[in-house]
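Shown next: input.cif, containing mmCIF, C-alpha atoms.
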data_target
loop_
_atom_site.label_atom_id
_atom_site.label_comp_id
_atom_site.auth_asym_id
_atom_site.auth_seq_id
_atom_site.Cartn_x
_atom_site.Cartn_y
_atom_site.Cartn_z
CA MET A 226 -32.04 21.75 176.18
CA LYS A 227 -28.44 21.70 174.87
CA ILE A 228 -29.07 18.39 173.12
CA LEU A 229 -32.19 19.79 171.41
CA LYS A 230 -30.26 22.82 170.17
CA LEU A 231 -27.56 20.59 168.68
CA LEU A 232 -30.24 18.56 166.90
CA SER A 233 -31.80 21.71 165.52
CA LEU A 234 -28.46 22.80 164.06
CA ALA A 235 -28.32 19.53 162.13
CA PHE A 236 -31.73 20.01 160.52
CA LEU A 237 -32.10 23.73 159.82
CA PRO A 238 -28.92 25.80 159.61
CA GLY A 239 -31.12 28.79 158.80
CA MET A 240 -32.08 29.08 162.46
CA LEU A 241 -29.71 32.02 162.84
CA MET A 242 -32.12 34.08 160.75
CA SER A 243 -35.03 33.49 163.11
CA GLN A 244 -36.24 35.77 165.85
CA GLU A 245 -37.28 32.99 168.25
CA ILE A 246 -36.57 29.30 168.76
CA LYS A 247 -39.14 26.98 170.31
CA PHE A 248 -39.02 23.26 170.98
CA SER A 249 -41.83 20.75 171.21
CA VAL A 250 -42.28 17.14 172.24
CA LEU A 251 -45.13 15.56 170.26
CA THR A 252 -46.63 12.10 170.57
CA GLY A 253 -49.84 10.23 169.96
CA PRO A 254 -51.58 7.26 168.33
CA GLY A 255 -52.79 6.99 164.78
CA ILE A 256 -54.04 4.65 162.11
CA SER A 257 -52.05 3.68 159.02
CA TRP A 258 -52.84 1.75 155.87
CA ILE A 259 -51.22 0.67 152.61
CA ALA A 260 -52.71 1.10 149.13
CA SER A 261 -51.42 0.09 145.71
CA ASN A 262 -51.49 1.58 142.22
CA ASP A 263 -52.22 -1.89 140.80
CA ASN A 264 -55.91 -2.77 140.35
CA GLN A 265 -55.00 -6.41 141.03
CA ILE A 266 -54.05 -5.45 144.61
CA SER A 267 -56.47 -3.93 147.11
CA SER A 268 -56.10 -2.41 150.56
CA SER A 269 -57.81 -4.68 153.09
CA GLY A 270 -57.03 -3.37 156.56
CA PHE A 271 -55.20 -0.89 158.75
CA LYS A 272 -52.81 -0.84 161.70
CA ILE A 273 -52.90 1.10 164.97
CA SER A 274 -49.66 3.05 165.02
CA TYR A 275 -47.76 5.39 167.31
CA LYS A 276 -45.38 8.32 166.75
CA ALA A 277 -43.10 10.35 169.04
CA HIS A 278 -41.13 13.35 167.76
CA VAL A 279 -38.92 16.11 169.11
CA GLN A 280 -39.33 19.25 167.01
CA ALA A 281 -37.60 22.62 166.79
CA GLU A 282 -39.53 25.66 165.54
CA TYR A 283 -37.61 28.65 164.16
CA TRP A 284 -39.97 31.62 164.14
CA PHE A 285 -39.10 34.29 161.57
CA ASN A 286 -41.92 36.41 163.00
CA ASP A 287 -44.94 35.83 165.24
CA ARG A 288 -46.86 33.98 162.52
CA TYR A 289 -44.43 32.00 160.36
CA ALA A 290 -41.81 29.36 161.21
CA ALA A 291 -39.60 26.65 159.75
CA THR A 292 -39.60 23.34 161.59
CA GLY A 293 -37.30 20.34 161.86
CA GLY A 294 -36.89 17.40 164.15
CA ILE A 295 -36.32 13.72 164.74
CA GLY A 296 -38.50 10.91 166.02
CA LEU A 297 -39.91 7.41 165.79
CA SER A 298 -42.86 5.93 163.93
CA LEU A 299 -43.91 2.55 165.33
CA GLY A 300 -46.38 -0.01 164.03
CA GLN A 301 -46.88 1.59 160.61
CA GLY A 302 -48.46 -0.57 157.93
CA GLY A 303 -51.60 -2.24 156.74
CA HIS A 304 -52.86 -5.17 154.65
CA LEU A 305 -52.80 -5.82 150.91
CA GLU A 306 -54.97 -8.45 149.21
CA PHE A 307 -53.56 -9.94 145.98
CA LEU A 308 -56.05 -11.25 143.41
CA LYS A 309 -53.26 -13.34 141.86
CA GLY A 310 -51.12 -15.69 143.92
CA GLY A 311 -47.48 -16.66 143.60
CA ASP A 312 -44.13 -16.05 145.29
CA LEU A 313 -45.18 -12.59 146.45
CA TRP A 314 -42.52 -12.12 149.16
CA LYS A 315 -39.72 -13.61 147.10
CA GLU A 316 -36.80 -12.09 149.05
CA ALA A 317 -38.29 -12.50 152.54
CA GLU A 318 -36.85 -14.98 155.00
CA LEU A 319 -40.11 -16.83 155.56
CA SER A 320 -40.66 -19.41 158.30
CA ASP A 321 -41.70 -22.12 155.82
CA THR A 322 -41.14 -22.65 152.10
CA LYS A 323 -44.86 -23.40 151.61
CA TYR A 324 -45.46 -19.63 151.77
CA LYS A 325 -43.36 -19.24 148.62
CA ASN A 326 -46.37 -20.28 146.52
CA LEU A 327 -49.45 -18.46 147.76
CA PRO A 328 -52.95 -19.00 146.35
CA ASP A 329 -55.10 -16.29 144.79
CA ASN A 330 -56.67 -13.72 147.15
CA ALA A 331 -53.86 -13.97 149.68
CA SER A 332 -53.79 -11.16 152.27
CA LEU A 333 -50.34 -9.91 153.30
CA GLY A 334 -49.97 -7.74 156.40
CA TYR A 335 -47.15 -5.24 156.91
CA ARG A 336 -45.95 -3.67 160.17
CA MET A 337 -42.90 -1.38 160.11
CA ASN A 338 -40.93 0.87 162.42
CA TYR A 339 -39.11 3.97 161.16
CA ILE A 340 -36.70 6.66 162.31
CA ASP A 341 -38.19 9.94 161.07
CA ILE A 342 -36.49 13.21 160.12
CA PRO A 343 -39.35 15.67 159.48
CA PHE A 344 -39.02 19.26 158.26
CA GLY A 345 -41.44 21.85 157.00
CA PHE A 346 -43.21 25.14 157.64
CA LYS A 347 -45.80 26.25 160.17
CA LEU A 348 -48.28 29.13 160.04
CA ARG A 349 -50.29 30.15 163.11
CA THR A 350 -52.98 32.69 163.92
CA ASN A 351 -52.88 35.55 166.37
CA GLU A 352 -53.78 34.71 169.94
CA PHE A 353 -57.45 34.48 170.94
CA GLY A 354 -57.13 34.73 174.69
CA LYS A 355 -54.85 31.80 175.53
CA PHE A 356 -55.41 30.02 172.23
CA ARG A 357 -53.82 29.95 168.76
CA PHE A 358 -54.54 27.75 165.75
CA TYR A 359 -52.00 26.51 163.23
CA VAL A 360 -51.48 24.85 159.88
CA HIS A 361 -48.32 22.78 159.47
CA ALA A 362 -47.80 22.60 155.70
CA PRO A 363 -46.05 21.67 153.65
CA GLU A 364 -44.28 19.13 155.82
CA PHE A 365 -41.87 16.51 154.51
CA CYS A 366 -40.21 13.56 156.20
CA ILE A 367 -37.24 11.32 155.44
CA SER A 368 -37.97 7.95 157.06
CA LEU A 369 -35.48 5.11 157.56
CA ARG A 370 -36.99 1.67 158.07
CA THR A 371 -35.58 -0.15 161.13
CA ARG A 372 -37.91 -3.14 161.43
CA ALA A 373 -40.51 -4.92 159.31
CA ARG A 374 -42.69 -7.90 160.19
CA GLY A 375 -45.43 -9.51 158.18
CA THR A 376 -48.48 -11.74 158.39
CA ILE A 377 -49.91 -14.07 155.75
CA GLU A 378 -53.56 -15.12 155.47
CA ALA A 379 -53.92 -17.42 152.49
CA ALA A 380 -56.38 -20.31 152.92
CA PRO A 381 -56.00 -23.25 152.80
CA LEU A 382 -52.50 -22.52 154.15
CA PRO A 383 -52.34 -21.85 157.90
CA ASP A 384 -52.07 -18.21 158.92
CA THR A 385 -48.62 -17.04 159.97
CA GLU A 386 -47.34 -13.88 161.66
CA GLY A 387 -44.04 -12.35 162.72
CA GLU A 388 -42.39 -13.06 159.38
CA ASP A 389 -39.16 -11.15 158.73
CA ILE A 390 -39.96 -8.97 155.69
CA ARG A 391 -37.22 -6.33 155.95
CA LYS A 392 -36.06 -7.20 152.42
CA MET A 393 -39.59 -6.61 151.13
CA VAL A 394 -39.87 -3.06 152.51
CA SER A 395 -37.75 -0.18 151.22
CA PHE A 396 -35.15 1.08 153.69
CA PHE A 397 -35.61 4.72 152.61
CA GLY A 398 -38.96 6.51 152.38
CA LEU A 399 -39.93 10.07 151.55
CA PHE A 400 -43.26 11.36 152.90
CA TYR A 401 -45.31 14.55 152.75
CA GLY A 402 -48.01 15.75 155.09
CA ILE A 403 -50.32 18.44 156.37
CA GLY A 404 -51.28 19.12 159.97
CA LEU A 405 -53.96 21.19 161.69
CA GLY A 406 -54.31 21.98 165.36
CA GLY A 407 -54.28 24.41 168.23
CA GLU A 408 -52.05 25.67 171.03
CA MET A 409 -53.08 26.70 174.54
CA ARG A 410 -50.68 28.95 176.47
CA ILE A 411 -50.31 27.90 180.11
CA SER A 412 -47.40 30.24 180.96
CA THR A 413 -45.18 32.80 179.26
CA ASP A 414 -42.88 30.13 177.83
CA VAL A 415 -44.98 26.94 177.78
CA SER A 416 -47.98 25.91 175.67
CA LEU A 417 -49.93 22.71 175.24
CA VAL A 418 -50.55 21.57 171.67
CA GLY A 419 -52.99 19.17 170.03
CA GLY A 420 -53.81 18.39 166.44
CA LEU A 421 -54.33 16.00 163.57
CA ARG A 422 -51.90 15.20 160.76
CA PHE A 423 -52.24 13.31 157.47
CA TYR A 424 -49.09 11.70 156.05
CA GLN A 425 -48.49 9.83 152.79
CA SER A 426 -45.45 8.39 151.02
CA PHE A 427 -44.04 9.82 147.79
CA THR A 428 -41.86 6.76 147.29
CA ASP A 429 -42.70 3.08 146.86
CA ILE A 430 -42.46 1.50 150.31
CA THR A 431 -42.65 -2.11 149.02
CA ASP A 432 -40.06 -4.22 147.21
CA ASP A 433 -40.96 -5.35 143.68
CA SER A 434 -39.12 -8.68 143.45
CA GLY A 435 -42.20 -10.91 143.78
CA ARG A 436 -43.46 -13.18 141.00
CA TYR A 437 -47.02 -14.21 140.26
CA SER A 438 -47.93 -17.83 139.52
CA ASP A 439 -47.98 -17.08 135.79
CA GLY A 440 -44.36 -15.89 135.95
CA THR A 441 -45.04 -12.15 135.59
CA ARG A 442 -43.37 -9.70 137.94
CA GLU A 443 -45.23 -8.04 140.81
CA ASP A 444 -44.31 -4.45 139.96
CA SER A 445 -46.77 -2.32 141.94
CA LYS A 446 -46.19 0.83 143.98
CA GLY A 447 -47.06 0.52 147.65
CA ILE A 448 -48.29 3.78 149.20
CA LEU A 449 -48.21 4.11 153.00
CA SER A 450 -50.62 6.63 154.56
CA SER A 451 -51.40 7.56 158.14
CA LEU A 452 -53.75 9.76 160.13
CA ASP A 453 -52.06 10.79 163.38
CA PHE A 454 -53.30 12.40 166.56
CA ARG A 455 -50.65 14.74 167.99
CA PHE A 456 -50.42 15.88 171.59
CA GLY A 457 -47.55 17.55 173.34
CA VAL A 458 -45.93 20.58 174.88
CA ILE A 459 -44.09 23.56 173.37
CA PHE A 460 -41.45 25.38 175.38
#
Is it possible to express this structure as structure tokens?
Amino acid sequence: MKILKLLSLAFLPGMLMSQEIKFSVLTGPGISWIASNDNQISSSGFKISYKAHVQAEYWFNDRYAATGGIGLSLGQGGHLEFLKGGDLWKEAELSDTKYKNLPDNASLGYRMNYIDIPFGFKLRTNEFGKFRFYVHAPEFCISLRTRARGTIEAAPLPDTEGEDIRKMVSFFGLFYGIGLGGEMRISTDVSLVGGLRFYQSFTDITDDSGRYSDGTREDSKGILSSLDFRFGVIF
């Protein structure tokens, strides 16, 4: 409990204004995918992901709170299909130089891990028996990329996986989200919580150093999105 309180001080100094402080441990699977703002690049698959967060809730009254926390996002990513080939992962440390000249319609897979620092606001209903419902919005998250691996599917080249693509994924990401769910009180101080949350990146999560076969720069914006199931306990 002391460690959680120290973490909460780091994220929301305004906690001294609140009437009540609650803590939650939230975890669950999700699906994530990557899209692009370039019509030459299409989203072609998703990843099964997982998130685990510790969250502090600073209740200004019985209905309204500010939230902050820290956690992990694992296995985030998806697949992008490029209509034009070339040296698409120019800065990556690829296992073989033959992947430096990909054919048209190559599919590149991304899988990343992040350290998350989420913060936002939460609004909940009055109690209906043992139950409450909530909206967590707006919610924002600063995410720091810790790991990135990639796959390449580009016939007639052999498929490859586990490529080190840390240099092709931005270290810093800024996300926004909205969550919906419910709480079930099981004692005076403890409640179970479950919900669904949609997250999407503000910032470009991909590096733009690649070059197409015709010499033009690959200058698209990669947008990472996820739909997460959240389960946990509030105390």
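Compared by their closest atoms to Glu443 in chain A, and using only C-alpha atoms, the residues A:Lys355, A:Lys272, A:Arg422, A:Lys315 rank with A:Lys315 nearest.
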- Message: From the options A:Glu282, A:Asp329, A:Asp321, A:Glu386, which residue's atoms come nearest to Tyr437 in chain A, counting only C-alpha atoms?
- Response: A:Asp329
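Atom to atom, CA of Pro363 in chain A and CA of Leu251 in chain A stand 17.7 Å apart.
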- Evaluate the PyMOL selection byres ((chain A and resi 366) around 12) and report residues as a VMD selection string: chain A and resid 236 278 292 to 298 339 to 345 362 to 365 367 to 369 397 to 403 424 to 428
- Message: To one decimal place in Å, what is the distance between CA of Ala317 in chain A and CA of Gly375 in chain A?
- Response: 9.6 Å
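Distance check against Phe356 in chain A using all atoms listed in the file: of A:Lys392, A:Arg374, A:Arg442, A:Arg410, the minimum falls on A:Arg410.
Note that CA of Leu382 in chain A and CA of Asp433 in chain A are 23.2 Å apart.
You can rank A:Ser438, A:Asn286, A:Ser451, A:Ser267 by their closest distance to Phe423 in chain A using all atoms listed in the file, and at the top of that list sits A:Ser451.
Shortest atom-to-atom contact with Ile259 in chain A among A:Gly447, A:Pro383, A:Gly300, A:Gly406: A:Gly447, counting all atoms listed in the file.
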- With the file shown as input, list the residues that the PyMOL selection byres ((chain A and resi 337) around 8) selects, as a ChimeraX atom specification. /A:299-302,335-336,338-339,370-374
Write a file of the just-selected residues containing C-alpha atoms, as a PDB file, in the coordinates of the input.
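Everything below was put into result_17.pdb:
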ATOM      1  CA  LEU A 299     -43.910   2.550 165.330  1.00  0.00           C
ATOM      2  CA  GLY A 300     -46.380  -0.010 164.030  1.00  0.00           C
ATOM      3  CA  GLN A 301     -46.880   1.590 160.610  1.00  0.00           C
ATOM      4  CA  GLY A 302     -48.460  -0.570 157.930  1.00  0.00           C
ATOM      5  CA  TYR A 335     -47.150  -5.240 156.910  1.00  0.00           C
ATOM      6  CA  ARG A 336     -45.950  -3.670 160.170  1.00  0.00           C
ATOM      7  CA  ASN A 338     -40.930   0.870 162.420  1.00  0.00           C
ATOM      8  CA  TYR A 339     -39.110   3.970 161.160  1.00  0.00           C
ATOM      9  CA  ARG A 370     -36.990   1.670 158.070  1.00  0.00           C
ATOM     10  CA  THR A 371     -35.580  -0.150 161.130  1.00  0.00           C
ATOM     11  CA  ARG A 372     -37.910  -3.140 161.430  1.00  0.00           C
ATOM     12  CA  ALA A 373     -40.510  -4.920 159.310  1.00  0.00           C
ATOM     13  CA  ARG A 374     -42.690  -7.900 160.190  1.00  0.00           C
TER      14      ARG A 374
END
Check which residues satisfy the PyMOL selection byres ((chain A and resi 459) around 8) in the file shown, then give them as a CSV table (one decimal) with C-alpha atoms, keeping the file's coordinate frame.
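The resulting part.csv:
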chain,number,residue,atom,x,y,z
A,247,LYS,CA,-39.1,27.0,170.3
A,248,PHE,CA,-39.0,23.3,171.0
A,249,SER,CA,-41.8,20.8,171.2
A,250,VAL,CA,-42.3,17.1,172.2
A,415,VAL,CA,-45.0,26.9,177.8
A,416,SER,CA,-48.0,25.9,175.7
A,417,LEU,CA,-49.9,22.7,175.2
A,418,VAL,CA,-50.6,21.6,171.7
A,457,GLY,CA,-47.6,17.6,173.3
A,458,VAL,CA,-45.9,20.6,174.9
A,460,PHE,CA,-41.4,25.4,175.4
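Among A:Gly420, A:Gly435, A:Gly404, A:Gly310, the residue with the shortest atom-to-atom distance to Pro254 in chain A, counting all atoms listed in the file, is A:Gly420.
Using only C-alpha atoms, the protein and nucleic acid residues lying no more than 9 Å from Gly270 in chain A, apart from those fewer than 6 places from it along its own chain, are Ser257, Trp258, Ile259, Gly303, His304, Leu305 and Gly334 of chain A.
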Contacts of Leu308 in chain A within 12 Å, all atoms listed in the file, excl. fewer than 4 positions in-chain, as a PDB file with C-alpha atoms, in the frame of the given file:
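Generated output (out.pdb):
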ATOM      1  CA  ASP A 263     -52.220  -1.890 140.800  1.00  0.00           C
ATOM      2  CA  ASN A 264     -55.910  -2.770 140.350  1.00  0.00           C
ATOM      3  CA  GLN A 265     -55.000  -6.410 141.030  1.00  0.00           C
ATOM      4  CA  ILE A 266     -54.050  -5.450 144.610  1.00  0.00           C
ATOM      5  CA  SER A 267     -56.470  -3.930 147.110  1.00  0.00           C
ATOM      6  CA  SER A 268     -56.100  -2.410 150.560  1.00  0.00           C
ATOM      7  CA  SER A 269     -57.810  -4.680 153.090  1.00  0.00           C
ATOM      8  CA  LEU A 313     -45.180 -12.590 146.450  1.00  0.00           C
ATOM      9  CA  LEU A 327     -49.450 -18.460 147.760  1.00  0.00           C
ATOM     10  CA  PRO A 328     -52.950 -19.000 146.350  1.00  0.00           C
ATOM     11  CA  ASP A 329     -55.100 -16.290 144.790  1.00  0.00           C
ATOM     12  CA  ASN A 330     -56.670 -13.720 147.150  1.00  0.00           C
ATOM     13  CA  ALA A 331     -53.860 -13.970 149.680  1.00  0.00           C
ATOM     14  CA  SER A 332     -53.790 -11.160 152.270  1.00  0.00           C
ATOM     15  CA  LEU A 333     -50.340  -9.910 153.300  1.00  0.00           C
ATOM     16  CA  ALA A 379     -53.920 -17.420 152.490  1.00  0.00           C
ATOM     17  CA  TYR A 437     -47.020 -14.210 140.260  1.00  0.00           C
ATOM     18  CA  SER A 438     -47.930 -17.830 139.520  1.00  0.00           C
ATOM     19  CA  GLU A 443     -45.230  -8.040 140.810  1.00  0.00           C
TER      20      GLU A 443
END
Residues within 6 Å of (-47.9, 33.0, 162.8), counting all atoms listed in the file, listed as a CSV table (one decimal) with C-alpha atoms, keeping the file's coordinate frame:
chain,number,residue,atom,x,y,z
A,287,ASP,CA,-44.9,35.8,165.2
A,288,ARG,CA,-46.9,34.0,162.5
A,289,TYR,CA,-44.4,32.0,160.4
A,348,LEU,CA,-48.3,29.1,160.0
A,349,ARG,CA,-50.3,30.2,163.1
A,350,THR,CA,-53.0,32.7,163.9
